[in-house]
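See structure below.
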Amino acid sequence: MSVCRRIVSGAARTSYPRSPFPSRSFVFVPRFSFTLTHYSVFPLTMPRNQKRGSSKENRWVEKKKPDGPSTSSSASQSFTSVTTEAVAERLDTLSIAESKEHSVASVPSVQFGSIGQKNHAPVREQRTVWKPKSYGTVSGATTVEVDKAPRDRTTVLGNGTQTESGGKSNAVLSNLFSGRLLENFTVDNSTCSAAQVRATFYPKFENEKSDQEVRTRMAEMVSKGLATLEVSLKHSGSLFMYAGHEGGAYAKNSYGNIYTAVGVFVLGRMFREAWGSQSIKKQDEFNKFLESNRMCISMELVTAVLGDHGQRPREDYVVVTAVTELGCGKPKFYSTPDIIAFCRKWRLPTNHVWLFSTRKSVISFFAAYDALCEEGTATTVCKALDEVADISIPGSKDHIKVQGEILEGLVARIVTRESSEHMEQVLRDYPLPPSEGADLGSSLREICSENRSDEKQQIKALLESVGTSFCPNSLDWFGNDVADGHSRNADRSVVSKFLQARPADYSTIKLQEMVRLMTEKRFPAAFKCYHNFHKINSVASDDLHFKMVIHVHSDSAFRRYQKEMRHNPGLWPLYRGFFVDLNLFKDKKGIAMKSSQEINSGSGTNGASAKDGLADEDANLMIKLKFLTYKIRTFLIRNGLPVLFKQGEAAYKAYYLRQMQKWNTSAAKQGELSRMLDEWAVHIRRKYGHKQLSSSTYLSEAEPFLEQYAKRSPKNQALIGSAGSFVRAEDFMAIIEGRRDEEGDLEPERDIIPSSPTPMVKEVIRKDEGLIVFFPGIPGCAKSALCKEILSAPGGLGDDRPVHSLMGDLVKGKYWGKIAEERRKKPYSVLLADKNAPNEDVWRQIEDMCRRTKASAIPVVPDSEGTESNPFSLDALAVFIFRVLNRSNHPGNLDKSSPSAGYVLLMFYHLYDGKNRTEFEAELIERFGSLVKMPLLKPNRAPLPESVRSTLEEGLDLYNLHTRRHGRLESSKGTYCKEWAKWETQLRETLLRNVEYLNSIQVPFESSVENVLKQLKAIAKGEYTAPPSSEKRSFGTIVYAAVDLPVSEILDQLHNLGEKDPRIEGFLEDKNLKSSLSKAHLTLAHKRSHGVTAVANYGPYVHQNVPIDMRAILFSDKTAAFEAEPGVVEGEKLTSKNEWPHVTFWTAQGVQAKDANTLPNLLAEGKATRVEISPPITITGVLKFF
């Protein structure tokens, strides 16, 4: 039974400890017991928001102790009558009916997505059937009532130990683990579900705007005084969450494995390191504090034993990244100042954080990143940010000392404008705590090295070493004696029963709403349920406990969910690292339903999303900024290993070039990296042959190679960033069974499918290779007609390879098997695969075929804008259906004579669900290296008529209903056969009324054919360039800041000066400046000469006009330049960091522009001439980064 539900089902009324942070406080009510130990652990007042100019009133001060006797950690006693009366008054407001004759039911016809707090008060004699809201895809959902009372419940002692009055027999638990209890647990009118978040990390928000737009908006908000920019280091590790020894330890998508065992050990060791001889006591207090306040802390777990990232850390450690109050409702996240205060109180490791509260500092920060993004290391980045930030708070773990120089990146996000004042107050009130040190015992690496038999042995050794004060039991890892030998995995029916059961509280309502939406809309996510061993003594045939892991498989799910939240702001966020305690039970007296408004006071708010005046869109502004030195190792070397070893060096080259183009890497760096990675590919293939290097220990080979490569030149050293601090990991690597990934997924990974069989470089289509042209489309997209035109095109695709086609509707048997057979027969031909290829299974077959038969593949797709979750728009779908219903005698019998043509088209359309257009195209390019778009709709067309749109939407809703109940059963059969017949008729009538419109919006077929042929020929010749990503950065690496000057004005001024001074005229007479002078600028600062910060400080003036005074001309036989001085911008005089500011306008052949810096020295030696310009002339230019 949930904590919240025990408020009303318990027999006693008592008061309980509050969170020590009342700014985000809630009343925590644990399970009722006859005695309860109350632990007084440094109660504090931590105001979340501090107003500008606040002083003592906003300091964190110790709470006054309540009147009456207090309890201690060593004694249990009754609570005072005062506190009892306070809780009694709170409970009285719930209006709970305890009559044996009258039941209490909950919300009449609860409609998800429109839940108001006032709707949740219990109503006597309520007989209304509860119906969950559907999202346009399901109707007639299972309905249940609550009218019965629960059976006896579990007692919780003060030490957290659970007991059951009658105990649990092994037979009952055996039935549980065998699945019989769950199978026999039927959902009826008395069935309730209670769900509470047990551990979670921040919601994942995807910016809809480009990175440049986000940066601009951030600067704008700070400059207007609306917000502060907060930047933190991104340590390179894995997400680890801890909610106390009973609450559990969690990785990103799993628990009870080596990842969480390592996390618990490292966290326990942090306590030993910080508290010394007090560590055991503090570990115990900390666990009880988390448990009693239902809190969870999230950390970056950085270790060398769980697999390689960008650099093997020198030490194993954690850094706290989030502190969350879970309560009985929506999670509440602490602000960064509050996290630092919390961590300093408990002596937990904190991250390095910078705050930027002025426009100048924000612009300078982004400029500093742009200057360092391709070669920044921890030292240079931290130094630059320290110099431009308004506030810098060093982390308690120095990245350089504990992890190394290779820095993964930075995270920049918008926080409230009061954050700076709040942070300053916290830093005053909570100075850095001392580190007492102690005998830390065996290290993580020593324990893993000494226990090499299997994963289970390592887990046991780690948990035993951390001690019982921090890990009193290992239930999450090994279960208990009864469960031994049984799988902890629960049947998938848990989720369906959870959704059908009546929600016991507000938290359950919101979690059901989330899970139902994601299931109905087929988000790429899994809801994995496991037996909750911590609740094993509570298990009965009518009371089942589980842990649910919400595992999001793709970032597209977060993007789609965000869009749902915009339509329905009441939705809870979709969190990263999402674990829920789930309870299914029978409530026979109906007393489980309570007023969610009163039980979950403040449940509708969130500490992280109580925006303090910020609009939702702005409050979630966040951007991740990664460094190339890290991406070289992880993305280009580690992630490229499968491509290199399975497809060869040419495919690997295509892979890394594609990555660099996606990142908008500068041309110079692309050239340097290409030389280095080509050498790496030859080196590692020669050493390992066809046996792939393990990605978990790839640095054992990569680090020595990079170290030797860096030693060759300073340029190579800058490219690599840092190498040589090698940590050997093979002897102490954790044993990870089942080949789980670094985030600890419970299910084994499949073999990695190489992302692309086709190099996307000039040699894309080799002449000694075959070519497969295939069509990820929908019937009616004109692929067969296009194939006929390609076959009859003079000269084929512009080379001597024969072209032939295989039409799917005429092939008997397995089509793609026939294609493979044709490829073997005609290996050097161009094969047109005239069949729709709608999903990843088909794409993998084509990839495999390409590898086995030495071919390349080109996807041809109809061009369309797409929808939020489908690469084809409803306009495109309407045209496809219209074409199908206007054709006759189709070989596949899909034409106007087909009674279910509309259903078939919807079925194909549905096969593409789950990807928007950008994701769809990006995946095809990633897999096959190229993409051909077949023009379909005119860009300036009129909107789709409402009658057509509504008809298609009705069909999609009907399709979802049909498939959810009947799967792939034909539309002429099943529950909805009459509805299908009616809709098919309506579809034809609607399209018939809009014939003129549907014809007018299509691109002429002849034009489409011409366009496709042109693209195919370009690819065949190796002239194809992938379309730029919509996410491509519009900013690049910064090398120097300068004022860009108009060349035409410089030429005019030189002409005028020549007319006035014969020396200038004589110098210019044989100089053809009109053809030689193409650009001119005044350098203000250069990264190499003056440092990153000097360049970044010009950021606030970028794109502004700067007047430049030309005071003289200096020239020699090799170079000539204006002596120049920058003017005033926005009331501030700009100065150049150059010793001699100048504008070069001529150099002799073979002489570089930078050699103009020597003109003052040449003048002193009598080898140059100076002509003063009096009065000075002024030329205005624009300040830019180059």
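Following the order of the structure tokens, first chain is A, next is B, and so on, with residues numbered from 1 inside each chain and ligands from 1 in the order they appear.
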
For Gln659 in chain A, list every protein, DNA or RNA residue within 9 Å, evaluated using only C-alpha atoms, and leave out those in the same chain fewer than 5 positions away; present the list as a PyMOL selection string. chain A and resi 635-636+654+664-665

Fewer than 2 positions away in the same chain doesn't count, so skip those; otherwise give me all residues within 12 Å of range 1057-1060 of chain A, counting only C-alpha atoms, as a PyMOL selection string. chain A and resi 1050-1055+1062-1069+1110-1113+1122+1171-1177

Could you pull out the residues in range 321-542 of chain A that DSSP calls strand (DSSP E) from the backbone, as an MDAnalysis selection string? chainID A and resid 321:325 332:333 353:356 391:393 409:416 502:503 525:531

Which residue out of A:His309, A:Lys1137, A:Arg492, A:Lys835 has the minimum interatomic distance to Val1095 in chain A when only C-alpha atoms are used?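 Of A:His309, A:Lys1137, A:Arg492, A:Lys835, the one nearest Val1095 in chain A, counting only C-alpha atoms, is A:Lys1137.
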
Please, what distance in Å, to one decimal, runs between CA of Ser236 in chain A and CA of Tyr630 in chain A?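 CA of Tyr630 in chain A lies at a distance of 9.3 Å from CA of Ser236 in chain A.
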
When you draw a straight line from CA of Ala195 in chain A to CA of Cys296 in chain A, how long is it in Å?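 Going from CA of Ala195 in chain A over to CA of Cys296 in chain A, I get 16.4 Å.
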
For CA of Ser392 in chain A and CA of Trp354 in chain A, the interatomic separation in Å (one decimal): 4.5 Å

Exercise: range 238-246 of chain A partners within 9 Å, only C-alpha atoms, chain neighbours under 4 positions left out, as a short mmCIF file (atom, residue, chain, number, x, y, z; two decimals) with all heavy atoms, in the first residue's frame:
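Heads up, here's the output in selection.cif:
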```cif
data_model
loop_
_atom_site.label_atom_id
_atom_site.label_comp_id
_atom_site.auth_asym_id
_atom_site.auth_seq_id
_atom_site.Cartn_x
_atom_site.Cartn_y
_atom_site.Cartn_z
N GLY A 160 12.60 0.59 9.86
CA GLY A 160 12.29 0.37 8.46
C GLY A 160 11.98 -1.06 8.12
O GLY A 160 11.67 -1.39 7.00
N ARG A 198 9.86 6.63 -7.51
CA ARG A 198 10.83 6.20 -6.50
C ARG A 198 12.21 6.81 -6.76
O ARG A 198 12.98 7.07 -5.82
CB ARG A 198 10.93 4.67 -6.52
CG ARG A 198 11.86 4.04 -5.52
CD ARG A 198 11.44 4.28 -4.09
NE ARG A 198 12.00 5.53 -3.54
CZ ARG A 198 11.88 5.91 -2.28
NH1 ARG A 198 11.20 5.18 -1.43
NH2 ARG A 198 12.42 7.03 -1.87
N ALA A 199 12.56 7.03 -8.01
CA ALA A 199 13.83 7.68 -8.35
C ALA A 199 13.69 8.27 -9.74
O ALA A 199 13.03 7.70 -10.61
CB ALA A 199 14.98 6.67 -8.32
N THR A 200 14.30 9.43 -9.92
CA THR A 200 14.23 10.05 -11.24
C THR A 200 15.29 11.13 -11.38
O THR A 200 15.82 11.64 -10.39
CB THR A 200 12.84 10.64 -11.50
OG1 THR A 200 12.71 10.98 -12.87
CG2 THR A 200 12.60 11.89 -10.67
N PHE A 201 15.57 11.46 -12.63
CA PHE A 201 16.50 12.54 -12.96
C PHE A 201 15.70 13.62 -13.68
O PHE A 201 14.51 13.45 -13.94
CB PHE A 201 17.63 12.00 -13.83
CG PHE A 201 18.79 12.95 -14.02
CD1 PHE A 201 19.38 13.56 -12.93
CD2 PHE A 201 19.29 13.20 -15.29
CE1 PHE A 201 20.45 14.43 -13.10
CE2 PHE A 201 20.35 14.07 -15.46
CZ PHE A 201 20.94 14.68 -14.37
N TYR A 250 19.92 3.08 -8.49
CA TYR A 250 19.45 2.93 -9.87
C TYR A 250 20.46 3.49 -10.86
O TYR A 250 21.12 4.50 -10.60
CB TYR A 250 18.12 3.67 -10.06
CG TYR A 250 17.05 3.25 -9.08
CD1 TYR A 250 16.92 3.88 -7.84
CD2 TYR A 250 16.17 2.21 -9.37
CE1 TYR A 250 15.96 3.49 -6.92
CE2 TYR A 250 15.20 1.81 -8.46
CZ TYR A 250 15.10 2.45 -7.23
OH TYR A 250 14.15 2.06 -6.34
N ALA A 251 20.55 2.80 -11.99
CA ALA A 251 21.28 3.35 -13.14
C ALA A 251 20.24 4.03 -14.04
O ALA A 251 19.10 4.25 -13.63
CB ALA A 251 22.01 2.24 -13.88
N LYS A 252 20.60 4.35 -15.25
CA LYS A 252 19.68 5.12 -16.10
C LYS A 252 18.40 4.36 -16.38
O LYS A 252 17.30 4.91 -16.30
CB LYS A 252 20.36 5.49 -17.42
CG LYS A 252 19.52 6.38 -18.31
CD LYS A 252 20.27 6.74 -19.57
CE LYS A 252 19.44 7.63 -20.47
NZ LYS A 252 20.14 7.95 -21.73
N TYR A 259 26.34 -2.07 -12.24
CA TYR A 259 26.39 -0.60 -12.34
C TYR A 259 25.96 0.04 -11.01
O TYR A 259 26.60 0.97 -10.52
CB TYR A 259 25.49 -0.12 -13.47
CG TYR A 259 25.97 -0.56 -14.84
CD1 TYR A 259 25.52 -1.75 -15.40
CD2 TYR A 259 26.88 0.20 -15.54
CE1 TYR A 259 25.96 -2.17 -16.63
CE2 TYR A 259 27.34 -0.21 -16.79
CZ TYR A 259 26.88 -1.39 -17.33
OH TYR A 259 27.33 -1.81 -18.56
N THR A 260 24.85 -0.44 -10.46
CA THR A 260 24.37 0.15 -9.22
C THR A 260 25.22 -0.29 -8.02
O THR A 260 25.39 0.47 -7.07
CB THR A 260 22.90 -0.22 -8.98
OG1 THR A 260 22.74 -1.64 -9.06
CG2 THR A 260 22.02 0.41 -10.05
N GLY A 263 28.06 2.01 -8.06
CA GLY A 263 27.61 3.32 -7.60
C GLY A 263 27.49 3.40 -6.09
O GLY A 263 27.93 4.37 -5.47
N VAL A 264 26.88 2.38 -5.49
CA VAL A 264 26.72 2.35 -4.03
C VAL A 264 28.10 2.33 -3.36
O VAL A 264 28.34 3.04 -2.37
CB VAL A 264 25.88 1.13 -3.60
CG1 VAL A 264 25.97 0.91 -2.10
CG2 VAL A 264 24.44 1.31 -4.02
N PHE A 286 22.43 9.59 6.82
CA PHE A 286 22.10 10.01 5.46
C PHE A 286 21.02 9.11 4.86
O PHE A 286 20.05 9.58 4.25
CB PHE A 286 23.35 9.98 4.59
CG PHE A 286 23.14 10.43 3.17
CD1 PHE A 286 22.83 11.75 2.89
CD2 PHE A 286 23.24 9.54 2.11
CE1 PHE A 286 22.64 12.17 1.58
CE2 PHE A 286 23.05 9.95 0.82
CZ PHE A 286 22.75 11.27 0.55
N ASN A 287 21.17 7.81 5.02
CA ASN A 287 20.17 6.88 4.51
C ASN A 287 18.82 7.12 5.15
O ASN A 287 17.79 7.16 4.47
CB ASN A 287 20.62 5.44 4.77
CG ASN A 287 21.47 4.88 3.66
OD1 ASN A 287 20.98 4.71 2.53
ND2 ASN A 287 22.72 4.62 3.93
N LYS A 288 18.80 7.32 6.46
CA LYS A 288 17.54 7.55 7.14
C LYS A 288 16.93 8.89 6.73
O LYS A 288 15.70 9.02 6.64
CB LYS A 288 17.75 7.49 8.65
CG LYS A 288 18.05 6.08 9.14
CD LYS A 288 18.51 6.07 10.59
CE LYS A 288 18.84 4.63 11.01
NZ LYS A 288 19.43 4.58 12.37
N PHE A 289 17.78 9.86 6.48
CA PHE A 289 17.29 11.16 6.03
C PHE A 289 16.61 11.04 4.66
O PHE A 289 15.51 11.57 4.45
CB PHE A 289 18.46 12.14 5.95
CG PHE A 289 18.08 13.50 5.46
CD1 PHE A 289 17.44 14.40 6.30
CD2 PHE A 289 18.36 13.89 4.16
CE1 PHE A 289 17.08 15.65 5.85
CE2 PHE A 289 18.00 15.13 3.71
CZ PHE A 289 17.36 16.03 4.55
N LEU A 290 17.24 10.33 3.73
CA LEU A 290 16.63 10.14 2.41
C LEU A 290 15.32 9.37 2.52
O LEU A 290 14.33 9.71 1.86
CB LEU A 290 17.60 9.41 1.48
CG LEU A 290 18.88 10.13 1.06
CD1 LEU A 290 19.68 9.26 0.10
CD2 LEU A 290 18.58 11.46 0.41
N GLU A 291 15.32 8.32 3.35
CA GLU A 291 14.12 7.50 3.47
C GLU A 291 12.98 8.28 4.09
O GLU A 291 11.85 8.28 3.59
CB GLU A 291 14.43 6.27 4.33
CG GLU A 291 15.44 5.30 3.74
CD GLU A 291 14.90 4.48 2.59
OE1 GLU A 291 13.67 4.52 2.38
OE2 GLU A 291 15.69 3.81 1.92
N ARG A 294 11.69 10.88 1.72
CA ARG A 294 11.45 10.39 0.35
C ARG A 294 12.19 11.23 -0.67
O ARG A 294 11.61 11.92 -1.50
CB ARG A 294 9.95 10.37 0.04
CG ARG A 294 9.25 9.11 0.55
CD ARG A 294 7.84 8.97 0.01
NE ARG A 294 7.80 8.93 -1.44
CZ ARG A 294 8.04 7.85 -2.19
NH1 ARG A 294 8.36 6.72 -1.61
NH2 ARG A 294 7.95 7.92 -3.50
N MET A 295 13.50 11.16 -0.59
CA MET A 295 14.35 11.94 -1.47
C MET A 295 15.23 11.03 -2.31
O MET A 295 15.45 9.87 -1.97
CB MET A 295 15.22 12.91 -0.66
CG MET A 295 14.42 13.98 0.08
SD MET A 295 15.46 15.05 1.07
CE MET A 295 16.29 15.97 -0.21
N CYS A 296 15.72 11.59 -3.39
CA CYS A 296 16.61 10.87 -4.30
C CYS A 296 17.72 11.83 -4.73
O CYS A 296 17.44 13.00 -5.03
CB CYS A 296 15.83 10.36 -5.50
SG CYS A 296 16.85 9.75 -6.87
N ILE A 297 18.94 11.37 -4.74
CA ILE A 297 20.03 12.19 -5.29
C ILE A 297 20.53 11.53 -6.56
O ILE A 297 20.61 10.30 -6.67
CB ILE A 297 21.18 12.39 -4.29
CG1 ILE A 297 21.80 11.06 -3.86
CG2 ILE A 297 20.73 13.18 -3.08
CD1 ILE A 297 23.10 11.23 -3.09
N SER A 298 20.82 12.35 -7.56
CA SER A 298 21.34 11.86 -8.84
C SER A 298 22.78 12.30 -8.99
O SER A 298 23.15 13.41 -8.59
CB SER A 298 20.50 12.42 -9.99
OG SER A 298 19.15 12.04 -9.87
N MET A 299 23.59 11.43 -9.54
CA MET A 299 25.02 11.69 -9.64
C MET A 299 25.55 11.24 -10.99
O MET A 299 24.97 10.39 -11.66
CB MET A 299 25.77 10.91 -8.54
CG MET A 299 25.47 11.36 -7.13
SD MET A 299 25.70 10.04 -5.92
CE MET A 299 24.15 9.16 -6.09
N GLU A 300 26.66 11.84 -11.37
CA GLU A 300 27.45 11.32 -12.48
C GLU A 300 28.47 10.38 -11.86
O GLU A 300 29.29 10.78 -11.03
CB GLU A 300 28.16 12.45 -13.23
CG GLU A 300 28.75 12.04 -14.55
CD GLU A 300 27.72 11.88 -15.65
OE1 GLU A 300 26.58 12.35 -15.49
OE2 GLU A 300 28.06 11.28 -16.70
N LEU A 301 28.39 9.10 -12.21
CA LEU A 301 29.30 8.09 -11.68
C LEU A 301 30.46 7.94 -12.66
O LEU A 301 30.28 7.48 -13.79
CB LEU A 301 28.55 6.76 -11.52
CG LEU A 301 29.39 5.53 -11.16
CD1 LEU A 301 30.12 5.72 -9.84
CD2 LEU A 301 28.51 4.28 -11.11
N VAL A 302 31.63 8.35 -12.23
CA VAL A 302 32.81 8.35 -13.10
C VAL A 302 33.77 7.28 -12.59
O VAL A 302 34.26 7.37 -11.46
CB VAL A 302 33.49 9.73 -13.10
CG1 VAL A 302 34.67 9.73 -14.07
CG2 VAL A 302 32.50 10.82 -13.46
N THR A 303 34.02 6.29 -13.41
CA THR A 303 34.87 5.17 -12.98
C THR A 303 35.52 4.52 -14.18
O THR A 303 34.99 4.57 -15.30
CB THR A 303 34.03 4.12 -12.22
OG1 THR A 303 34.82 2.97 -11.98
CG2 THR A 303 32.79 3.71 -12.99
N LEU A 306 33.78 0.45 -15.51
CA LEU A 306 32.53 0.15 -16.22
C LEU A 306 32.61 0.41 -17.72
O LEU A 306 31.59 0.44 -18.40
CB LEU A 306 31.38 0.98 -15.63
CG LEU A 306 30.97 0.61 -14.19
CD1 LEU A 306 29.88 1.54 -13.69
CD2 LEU A 306 30.52 -0.84 -14.11
N VAL A 318 31.98 10.21 -7.64
CA VAL A 318 30.67 10.68 -8.11
C VAL A 318 30.62 12.19 -7.93
O VAL A 318 31.33 12.75 -7.10
CB VAL A 318 29.49 10.03 -7.34
CG1 VAL A 318 29.39 8.56 -7.62
CG2 VAL A 318 29.59 10.32 -5.85
N SER A 469 25.94 -0.19 7.24
CA SER A 469 25.36 1.13 7.51
C SER A 469 24.90 1.80 6.22
O SER A 469 24.00 2.64 6.24
CB SER A 469 26.37 2.03 8.22
OG SER A 469 27.50 2.25 7.39
N PHE A 470 25.51 1.42 5.13
CA PHE A 470 25.13 2.01 3.84
C PHE A 470 24.34 1.04 2.98
O PHE A 470 23.56 1.44 2.13
CB PHE A 470 26.38 2.48 3.09
CG PHE A 470 26.12 3.68 2.22
CD1 PHE A 470 25.89 4.91 2.80
CD2 PHE A 470 26.12 3.59 0.85
CE1 PHE A 470 25.66 6.04 2.02
CE2 PHE A 470 25.88 4.71 0.07
CZ PHE A 470 25.65 5.94 0.66
N CYS A 471 24.58 -0.23 3.20
CA CYS A 471 23.86 -1.24 2.40
C CYS A 471 23.50 -2.41 3.31
O CYS A 471 24.19 -3.43 3.33
CB CYS A 471 24.72 -1.70 1.22
SG CYS A 471 23.87 -2.81 0.10
N PRO A 472 22.42 -2.27 4.10
CA PRO A 472 22.08 -3.31 5.07
C PRO A 472 21.58 -4.60 4.44
O PRO A 472 21.55 -5.64 5.09
CB PRO A 472 20.98 -2.66 5.92
CG PRO A 472 20.39 -1.62 5.02
CD PRO A 472 21.51 -1.12 4.17
N ASN A 473 21.13 -4.55 3.20
CA ASN A 473 20.70 -5.78 2.53
C ASN A 473 20.98 -5.68 1.05
O ASN A 473 21.31 -4.62 0.53
CB ASN A 473 19.21 -6.05 2.78
CG ASN A 473 18.34 -4.94 2.18
OD1 ASN A 473 18.32 -4.73 0.97
ND2 ASN A 473 17.61 -4.22 3.05
N HIS A 534 11.67 -5.44 -1.64
CA HIS A 534 11.57 -4.70 -0.39
C HIS A 534 10.16 -4.79 0.20
O HIS A 534 9.96 -4.51 1.38
CB HIS A 534 11.95 -3.24 -0.60
CG HIS A 534 13.41 -3.04 -0.82
ND1 HIS A 534 14.34 -3.14 0.18
CD2 HIS A 534 14.11 -2.73 -1.94
CE1 HIS A 534 15.55 -2.92 -0.30
NE2 HIS A 534 15.44 -2.67 -1.59
N GLY A 577 15.81 8.48 -16.46
CA GLY A 577 16.01 7.67 -15.27
C GLY A 577 14.74 7.68 -14.46
O GLY A 577 14.57 8.47 -13.55
N GLU A 742 26.48 0.66 -21.26
CA GLU A 742 27.08 1.37 -20.13
C GLU A 742 26.05 1.92 -19.17
O GLU A 742 26.37 2.29 -18.05
CB GLU A 742 27.96 2.51 -20.65
CG GLU A 742 27.17 3.56 -21.40
CD GLU A 742 28.06 4.49 -22.18
OE1 GLU A 742 29.18 4.08 -22.53
OE2 GLU A 742 27.63 5.60 -22.45
N GLU A 743 24.78 2.04 -19.60
CA GLU A 743 23.75 2.54 -18.70
C GLU A 743 23.05 1.40 -17.97
O GLU A 743 22.13 1.63 -17.21
CB GLU A 743 22.72 3.36 -19.47
CG GLU A 743 23.29 4.58 -20.15
CD GLU A 743 23.69 5.66 -19.14
OE1 GLU A 743 23.58 5.45 -17.92
OE2 GLU A 743 24.12 6.73 -19.58
#
```

Neighbours of Asn999 in chain A within 12 Å (only C-alpha atoms; same-chain residues fewer than 4 positions away dropped), as number ranges by chain? A: 875, 878-880, 882-883, 886, 936-938, 941-942, 991-995, 1003-1005

Quick one: residues within 9 Å of Leu810 in chain A, only C-alpha atoms counted, chain neighbours fewer than 2 positions away excluded, as a PyMOL selection string? chain A and resi 806-808+812+891-892

Using only C-alpha atoms for the distances, tell me which of A:Phe920, A:Phe1115, A:Trp275, A:Tyr815 is nearest to Pro776 in chain A. A:Phe920

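Residues within 12 Å of Arg968 in chain A, counting only C-alpha atoms and excluding same-chain residues fewer than 5 positions away, are Tyr903, Val904, Leu906, Met907, Phe908, His910, Leu911, Tyr959, Asn960, Leu961, His962, Thr963, Lys973 and Gly974 of chain A.
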
Output as a Markdown table one row per residue of range 631-660 of chain A within 12 Å of range 690-698 of chain A: the closest atom pair and its distance in Å to one decimal place, counting only C-alpha atoms, sorted by chain and residue number ascending.
```
| residue | atom | partner | partner_atom | distance |
| --- | --- | --- | --- | --- |
| A:Arg633 | CA | A:Tyr698 | CA | 9.2 |
| A:Thr634 | CA | A:Ser695 | CA | 9.2 |
| A:Phe635 | CA | A:Ser695 | CA | 11.0 |
| A:Leu636 | CA | A:Ser695 | CA | 11.8 |
| A:Ile637 | CA | A:Tyr698 | CA | 8.4 |
| A:Arg638 | CA | A:Ser695 | CA | 5.7 |
| A:Asn639 | CA | A:Ser695 | CA | 7.5 |
| A:Gly640 | CA | A:Ser695 | CA | 9.4 |
| A:Leu641 | CA | A:Gln692 | CA | 7.0 |
| A:Pro642 | CA | A:Gln692 | CA | 7.1 |
| A:Val643 | CA | A:Gln692 | CA | 9.8 |
| A:Leu644 | CA | A:Gln692 | CA | 8.6 |
| A:Phe645 | CA | A:Gln692 | CA | 5.7 |
| A:Lys646 | CA | A:His690 | CA | 7.7 |
| A:Gln647 | CA | A:His690 | CA | 10.1 |
| A:Gly648 | CA | A:His690 | CA | 9.5 |
| A:Glu649 | CA | A:His690 | CA | 11.8 |
```

With distances taken over only C-alpha atoms, which residue among A:Asp316, A:Asp1070, A:Glu436, A:Glu1006 lies nearest Glu789 in chain A?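 Smallest distance to Glu789 in chain A is found for A:Glu1006.
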